[in-house]
Each structure stands twice: as C-alpha cells, then as structure tokens.
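The block underneath contains the structure these notes are about, expressed in structure tokens.
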Amino acid sequence: MSEHDYTSTSLWRKTLAARPGDAHADQRERLRTSYVELRRKAATLLQENARSMPDFTVHDITHVDALWETADLVCGTQVVLNPAEAYVLGCAFVLHDAAMGVAAYRTSVPETLGEKRWRDLVSVAYYRREGCWPDQDQLDAPPTEIADICRATAIRETHAEQARRLVDQAWPSSTGNEIFLIEEVQLREAYGPLIGDLAASHWWAVDRLAGEFRRKSGSLPWQPSEWTIDPLKLACILRLADVTQIDGRRAPSLLFSLRDPQGISREHWRFQEHVSRPDLNGDRVTYSSLRPFLPQDAASWWLALDYLRGIDLELKAVDALLHDLGRERLAARAVAGVDSPERFAEHFRVQDWRPIDAAVKVSDVPALVGSLGGKQLYGDKPEVALRELIQNAQDAVLARKALQPDFADGRIEIRLTESDGCWCLEVRDNGVGMDEETLTHGLLDFGTSGWSSPTVRNLLPGLADGGFAPSGRFGIGFYSVFLLGDRVELVTRRYDAASRDARRLTFDGPTQRPLLTPLPAHGWVPEGTAVRVTLSKAPNDVKGLFHRTVDERLSQLAQRLALESSVPIHTWEPGTTMPELLAPFSLATATADEIFDRLYPPLTQGRRIGEEKQRLQLRDDFVERATELLNDRGQRIGLATLGNDLYYAGRGYYSGIVTVNGLLADESISFAGYLAGQPSKASRDQATLVATQNQVREWMRVQERKLRSTGRFGDPVQLEQAFTLHGAFNGIADDIAFAFTTQGLLRPADVADWAAQRNEVFMALGLPLACQTRPPQVFHYLSGQIVRLPEDWVVIFKRVALAPLAEVFPQVMNRDADYEFARHHSTLTWQKAWWRMSGDLDGLFLRTLCEAWSCTPESVLAPVEQRNWSDIRHLEDESLGAVPGYLFHRPS
C-alpha cells in the first residue's frame, strides 16, 4: 500500500471500490464519485489549516486518507460496513478536522465565536499571561500574541461544531456561483445532517453518543434496502480511527524543521516523528518507535506515554459503551504497553537513559486539601476565612451584574448566630450562583480559580463583555472556611435556574469527601449562594473569630476586612433583628478624610470611645500629610504617609494597610494609610505593592517635601527615614542626619570635614550598642545606660523599613556593580565586605571617608580583613564590655 492510498484499504475495497459483475455498480459509483469530488475540494480547504495553526501536527488530506487505514485497524474483521455507511463515514473523515483553520469560517473566528465568548477567551488568556484581568481597551484590542493564542483556542474548541456547518456552507466562485463541498443536492440533503453530526461527534464525550445516535437510518429510494446506516457504529469508528492515527506521517521531519513549532506542540511533533504505523495484536493497538529516544527527547517520550494512555482510555470507553448497549464491539479495545513506563519502553525504546515514573502524584486528594487548606495554609487567623467568603460573595454579585446589567439589588449578608452554645457563621449573596457543573469544576477544583476555568466561562458566557474582573486568583480561598470549623454547608442556586436546580454541598472537614445533594422539591431557594459554618470556637474565645477586633463586633470585623467594596454588606450581630450596613466604598476616588474613616473607623462604641477626640486629631494630621501613589494612568493606587508617627500616637491602632482587590492583606508600621498590593503568597496574608519603583520613589519624594514644608522633618524623622530614602534614591540629601558621633549627629555634608580631622575611625557595628531617635542618643542595650561615644567613633543608624516598602528597594539594588563578582567568594574578603556595604548608609559613609583621606575602599578594608574582621574597642566605662566594629586607618 502506498503511503496515503486510501483506495487500497480493506474498508474502501469492500464498500466503494468498483468491482466486476457488480449488481449495484451505478449506486456504488454515484457514492464513490461524490466522495472523490468532496475529497478533492476539501483538500484545498484542509491545506489552509497550516496557515492558521502552524504549530499543530498535520491535519491535511493525508490525515483524512490515513483514517481509512486506522478504521480498518479498529474494525478488524468483526465489523462490516455497507457502501452507504462507508460513504457517510468517509465524508465525516473529510469534514471532522476541516474547520481547523480560518478558511473554514465564513467570517473571522471572533465573529463566528461571538463577541461575548471571544472576550471571555481574551480575558482568561490575558489573565494567565499577565497575572491580572484586562480592561476594556485591552479586551477590544488584545496584544497580537494573546489574540493568536485565543484564535487557536477558539478554533480548537469550535472546529467540531463548525465542521457540522460545512456540509451546507457555500463558497462563492469567481463567477458568482455557489460551491458546495458535496455538490449533489440529494446526497447533501439526505446525508448532510448526519455527516455533520458525525464530524462534530469526535469532540463530544463518549457518553453523549448513545443519546445522539439512537436510531438507525433506512436506505435511500435508489439504493438497495440493506444499505441502512447505523450512526452509533460510525461515530465510534470515526472517533477511534481519529484518535489512533498518530505516526510519523503527521509530523514529517522536514515540515517540523520548516515550521519550528514551540512549547507543547513541539513535543507533540517530536514524539510523533518517532512513531511507526500501529498494528493490531489481539484486541490491543500496538505502537512502536522508529528510532530510540535520546536523553534530550525524554520530555517527548513521556508525552508519548501520556498521549497513548489517553488513546487507551478512549478505546476502553467506546468498548464499554458498545458492550453495555449490547452492540457489536470493535476489534480495537486497548493500547498495548501503557500500563507502566517499563513496559512502554519495550515499544518506545530509549537510549542512554532509563524512564522512572517519578512525577508528582496526588493519590489522596482530600488529604492534600486538608494539608494545604485551612489552618495549614492561612495560619491561626480565623478572620481570614471571613475575608475569603466576602471576596467570593462579591465576585458572585459582580458576575451577575456583568451577565444581567439591569440587576441592581446585589448584596452580601453576614450573620452570626448562637443556639445552645453552638455558634454558626453564615455568609450569603444573591449573586450568580452555581449549578452542579460549576460546583464540581470550579469550587471543588482545589488550586484552580473557577473564574479562569474554560468550563465555567463556557457555562457563563459574557462575563468579560460585562466588564467582570474577579478577585479570586488561586482557587483555594473557599477552603479557608475550615479555619472556622469542620462542619460546612453550602446551598446554591444559579440566578437563572429554577429552585429545583438548587444544590446543597456539605462537608465534614477538609479531608472528607463532600456530599452533593439536591434540595427538597417543595422548598424555595433564593438565587445565589449561602455558606454556613459551625464554629469550632466561640467567637470571643482566645483565637476565635473576634480575636483581632477591638470591640468584638461583627460589623467592625467586616469593615476591617472589606476596606473597599462594590457591593453593600449587611451584618447581623448575635441576637439582633436589624442589620448594620457597610456601604460600597472606593479607595481610588474617596477623599483623604473619608479614607481615614474607612481604614480607622470612628470610635463611637465600645471600650475606646474616649479616644475619638484623639482619632479626629490624627485624622486632621493624616489629611495634611498623606499623598497619593499614582500608576502610569494617573489612577490612585495608594494614599499614605511615610513613617509611623500615627501608629505610636494611636497606641498601635493606625498601622498602614496593604489591600488586595480592596480587601485587607497585610499591615505595616512603616506608613499610615493604604497602599494597593498583589498577593505574594497564596494565603494572601502578605502582599507586594502594585506600584513600580519609580512610582514609589515619586511618592517618597513628595512625602519628604511635605515633611520639610510642614516643619516635621526634624532630626528624629531624618534618622528614621535615612536608610529608606537612601535605598530608594541611592543617596540622601546633604542635610539628613544618619549617624551618631560624640560631636553630635552626622550628615553627608559633615562627613568629609569630620573625617579629615582624624587619622583613624572606629565604625561600631550593632549590639551591644543601640540607638534611639526620640531624643537621638546611643545607649548600651544590656544595661540601658546612655553612653558617650569616644572621640573617633561613629555609629550609623539603620532603621530598615518593613514590608512591603522594604521589598520595593532590596538592599542589593544599589551595590557597587564592579564588585559583584565578590558575592561568590567563599570567605569574607574585603571586596565582598565592600560589595555588601556599598549599597547602604555604611557605603555612603565609607565612600565619603575615602574621598576625604584620598584613598580607596581597599586601603581601609584590606587591613581589617587581615585582622580577621575582629576589631574590638571599649567605651570609657570598660565595665560595659567590648564593642565590635571596623577600625579604619588613614593610609600614610
């Protein structure tokens, strides 16, 4: 048989091939002629596939012809087709992948897909590539690479349904006539719908086949009566012929070199290059490699094993379907050698390496969820669970608004109730709700954000078109609920579904499989989702839900967690009948005093009510000092003051807040106000700023000017901010105090004169000496005694900013690049010491010292290295003990 000679296959010869003395020669010829003409026209269309999907393996007419061969293989001698069945099957062969290219679509792929679904694709692709959701401009005009990814995804997802339409699709000729793939009208009208359904069915789930192809079709009036058609049999043959057709013909070496596919497509090409034609041994399809896989081809070898295991599952699923229906089974029922890597290596040889299946396995998914969810991931912070539930509820309401623009009554309700000593927390929303498939493919898919799941997006088309940008990111937030307790109940009903479609999901801890049940048919279930958890601790217990609140009120906790919200939040305190309202709020547009009140609410109830007057004074201070952080679009991404004055003035109540999507993520005493962040951990209890270094620098520059202009930039503030400002700007102004000497505070403008008057300088390093800034002085940490520094001593004060500001300007950023090689020295050389100190205030001092002494860092540091970095000096009161440091001598 020649490489692609379908006419030599047993299936063709027994059904559509001409034969001497044929009583049905005319009927057979009519079908044969129609098929050959369809094949000729489709060859041109199929050739265009490579233009749209160049990374895909071959889907041209050679693939179609090869399906006749693999159909022979899967049918064996048990299954017989008549000419009508062979014609319909052959046409389905031609069309099943004919839509794997742009040419098969009357309009553009986005137009065929529909604007809503196209935007959903763009939204998810953008999120997966950039880590954030696109805005409207980016949806309207996505980057070329993202558009290409979406186009390929759209073609892959829709090609089966588009193939169904190709039977009746006409193309205009140059003379204005219509060209159909199947020209004969009677055959097209009689068989076209079935051919289209069969072509589409190769993309369906196996279980769907029995329902779609229940009935056999009779013969056409001009055909013999026995030429009936069994569509289920044909659908199974097409499905298996297509899935088993992998060999070197689909990945020619020269074409691989010309197209140069990338990513996972490249590995598909690599392994299919190796594959010979399969054969049938018993009921096992047997593949083998033409040449061994070398170590550099190991990824392709493993992909081949995974791929053939997928074929094995498909063969077994079809066989089980036919067996259970009592239908005639096909000859091919499994793939040989895929049960273990060792057996697979007998068919797909390896050279100079040995396959060991050391891939990460999760054999007990509930146990994994128990280990990674709840307390193990989020720590001992039960309020985090409420934050995650609020976020999920808000996303659900916003999703409904995106799908139902006239929906204006979105809300979140939080209730805390107690009955016979048993406490229950409930968070309810009237958002989009979930159906059973969304529950299983979204909520219960641990580690996968449902909103970025193609399955969920297909169930709720139009989310991106409605401007929906969810907050959920990691797909694990729901599981934080187990911080509160093991007994959890979720009741949900999709917003456009009937009450009978509502579902209840109950958990008895994260390590147990949940129970999914319908609700009683006679009950009414509101749209949306309600999550109820029985608390393992009373909210007022140590490390209970109210552990980090001031007045142990649910409304106060909700406001602390939801600093910004798009949906009103109603909270019911235990025993109350009326809720308190936390109104929607935008940090990006609110005034400074409004933001202060949202971050640090009025103290009008509880034990701190007497501090409200002070809070108002601190608010005035904040309004005067706070300045904005702006992104490149001029949008506010923070409003804050640099420093921690408010924190200490307010007894630790006014720490700076880092928000992620408007919710509390982290706190810091390095600033007051808020800064927008993005999670640096899946638990979202730590965050990095969304602002760039330049944006933070500009904010800090404005903050310094504001401190100076308001007379607040005295010595204490200078000392406290010197290290942070130096880290941001790789230098500080000449008048900023940064070190202590016996003569007083040292500033960059003073260092040269101070050093010029000395022939040696002792730079004390840390404990037992410590510094305070209010008032500025040095003290002995162990005794608490204020000390007077000896004449030639210097103590450089380095108050390091805490996260997240410290992470914006890492200390390594400003180090001397000429000495970066020294970071790899195995011992502390003078070069390594200089490289380490060159980027901070130590380096600022030493650099100026060297300028004053007309020397280099080597001339002062190398002698210290020779003394093994062990310089020791004593204070005037020697009873206070030794002080370590570096003793620098002016070179002679």
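Chain labels A, B, ... are given in the sequence in which chains occur in the structure tokens; within each chain residues are numbered consecutively from 1, and ligands are likewise numbered from 1 in the order shown.
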* Asked: What's the 9 Å shell around Ile595 in chain A, counting only C-alpha atoms, without same-chain residues fewer than 3 positions away, as a list in words?
  ->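 The contact residues come out as Leu563, Ser586, Leu587, Ala590, Thr591, Ala592, Arg598, Leu599, Tyr600, Leu639, Gly673 and Tyr674 of chain A.
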* Quick one: pull the distance between CA of Leu459 in chain A and CA of Leu389 in chain A, Å, one decimal. =>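 Value for the CA of Leu459 in chain A-CA of Leu389 in chain A distance: 22.1 Å.
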* Find the spatial neighbours of Trp572 in chain A, counting only C-alpha atoms, within a cut-off of 8 Å - ignore same-chain residues fewer than 2 positions away - and output them as a ChimeraX atom specification. => /A:413-416,554-555,570,574,576-580
* Asked: If we count only C-alpha atoms, what is near Gln391 in chain A at a cut-off of 8 Å, once residues fewer than 3 positions away on the same chain are taken out, given as a list in words?
  ->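 The residues satisfying every condition are Arg387, Glu388, Gln394, Asp395, Ser471, Gly472 and Leu663 of chain A.
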Give me a file of those residues, with N, CA and C atoms, as an mmCIF file, in the first residue's frame.
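Wrote it out as again09.cif, contents follow:
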data_model
loop_
_atom_site.group_PDB
_atom_site.id
_atom_site.type_symbol
_atom_site.label_atom_id
_atom_site.label_comp_id
_atom_site.auth_asym_id
_atom_site.auth_seq_id
_atom_site.Cartn_x
_atom_site.Cartn_y
_atom_site.Cartn_z
ATOM 1 N N ARG A 387 -12.835 36.938 55.319
ATOM 2 C CA ARG A 387 -12.366 37.757 54.197
ATOM 3 C C ARG A 387 -12.545 37.025 52.873
ATOM 4 N N GLU A 388 -12.157 35.754 52.823
ATOM 5 C CA GLU A 388 -12.261 34.985 51.580
ATOM 6 C C GLU A 388 -13.721 34.769 51.190
ATOM 7 N N GLN A 394 -18.661 38.760 46.823
ATOM 8 C CA GLN A 394 -18.623 39.961 45.988
ATOM 9 C C GLN A 394 -18.383 39.609 44.525
ATOM 10 N N ASP A 395 -17.477 38.678 44.261
ATOM 11 C CA ASP A 395 -17.258 38.237 42.885
ATOM 12 C C ASP A 395 -18.542 37.685 42.271
ATOM 13 N N SER A 471 -11.787 38.862 41.763
ATOM 14 C CA SER A 471 -10.679 38.993 42.710
ATOM 15 C C SER A 471 -9.993 37.663 42.940
ATOM 16 N N GLY A 472 -10.748 36.561 42.842
ATOM 17 C CA GLY A 472 -10.180 35.239 43.096
ATOM 18 C C GLY A 472 -9.037 34.942 42.156
ATOM 19 N N LEU A 663 -9.417 44.362 49.745
ATOM 20 C CA LEU A 663 -9.539 43.615 50.992
ATOM 21 C C LEU A 663 -8.217 43.629 51.742
#
* **Residue contacts of range 713-722 of chain A (8 Å, only C-alpha atoms) excluding same-chain residues fewer than 4 positions away, as a PyMOL selection string** => chain A and resi 643+704+707-708+726+732+736-739+773-776+797-799
* **Among the residues A:Asp840, A:Glu212, A:Asp465, A:Glu436, the one that comes closest to Asp135 in chain A [using only C-alpha atoms]** =>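 Under the stated criterion, the closest residue is A:Asp465.
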* Asked: What's the 7 Å shell around range 868-880 of chain A, counting only C-alpha atoms, without same-chain residues fewer than 6 positions away, as a ChimeraX atom specification?
  -> /A:789-790,886-887
* Enumerate as number ranges by chain all residues of range 513-612 of chain A assigned to strand (DSSP E or B) by DSSP on the backbone, naming them with the chain letters and numbers the document uses. => A: 515-518, 528-534, 562, 565, 569-572, 580-582, 585
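In this comparison, which uses only C-alpha atoms, the residue of A:Asp406, A:Glu37, A:Asp148, A:Glu760 approaching Gly466 in chain A most closely is A:Asp406.
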* Which neighbours of Arg117 in chain A fall inside 7 Å, counting only C-alpha atoms, when residues of the same chain fewer than 3 positions from it are skipped, and could you give them as an MDAnalysis selection string? -> chainID A and resid 113:114 120:121 461:462
Include N, CA and C atoms and write out the residues we just selected as an mmCIF file, in the first residue's frame.
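The resulting result-v4.cif:
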data_model
loop_
_atom_site.group_PDB
_atom_site.id
_atom_site.type_symbol
_atom_site.label_atom_id
_atom_site.label_comp_id
_atom_site.auth_asym_id
_atom_site.auth_seq_id
_atom_site.Cartn_x
_atom_site.Cartn_y
_atom_site.Cartn_z
ATOM 1 N N LEU A 113 -17.338 32.975 16.642
ATOM 2 C CA LEU A 113 -17.460 32.574 18.031
ATOM 3 C C LEU A 113 -18.491 33.418 18.759
ATOM 4 N N GLY A 114 -18.622 34.671 18.364
ATOM 5 C CA GLY A 114 -19.499 35.603 19.059
ATOM 6 C C GLY A 114 -18.689 36.497 19.969
ATOM 7 N N ASP A 120 -14.465 36.551 26.509
ATOM 8 C CA ASP A 120 -14.151 35.660 27.627
ATOM 9 C C ASP A 120 -12.824 34.947 27.391
ATOM 10 N N LEU A 121 -12.596 34.506 26.156
ATOM 11 C CA LEU A 121 -11.323 33.857 25.823
ATOM 12 C C LEU A 121 -10.157 34.814 26.031
ATOM 13 N N PRO A 461 -21.219 32.494 29.636
ATOM 14 C CA PRO A 461 -20.624 33.352 28.596
ATOM 15 C C PRO A 461 -21.042 34.809 28.767
ATOM 16 N N GLY A 462 -20.106 35.706 28.522
ATOM 17 C CA GLY A 462 -20.404 37.128 28.581
ATOM 18 C C GLY A 462 -19.835 37.824 29.802
#
* To do: Would you mind reading off the distance between CA of Ala103 in chain A and CA of Glu48 in chain A, one decimal, in Å?
  => 6.5 Å
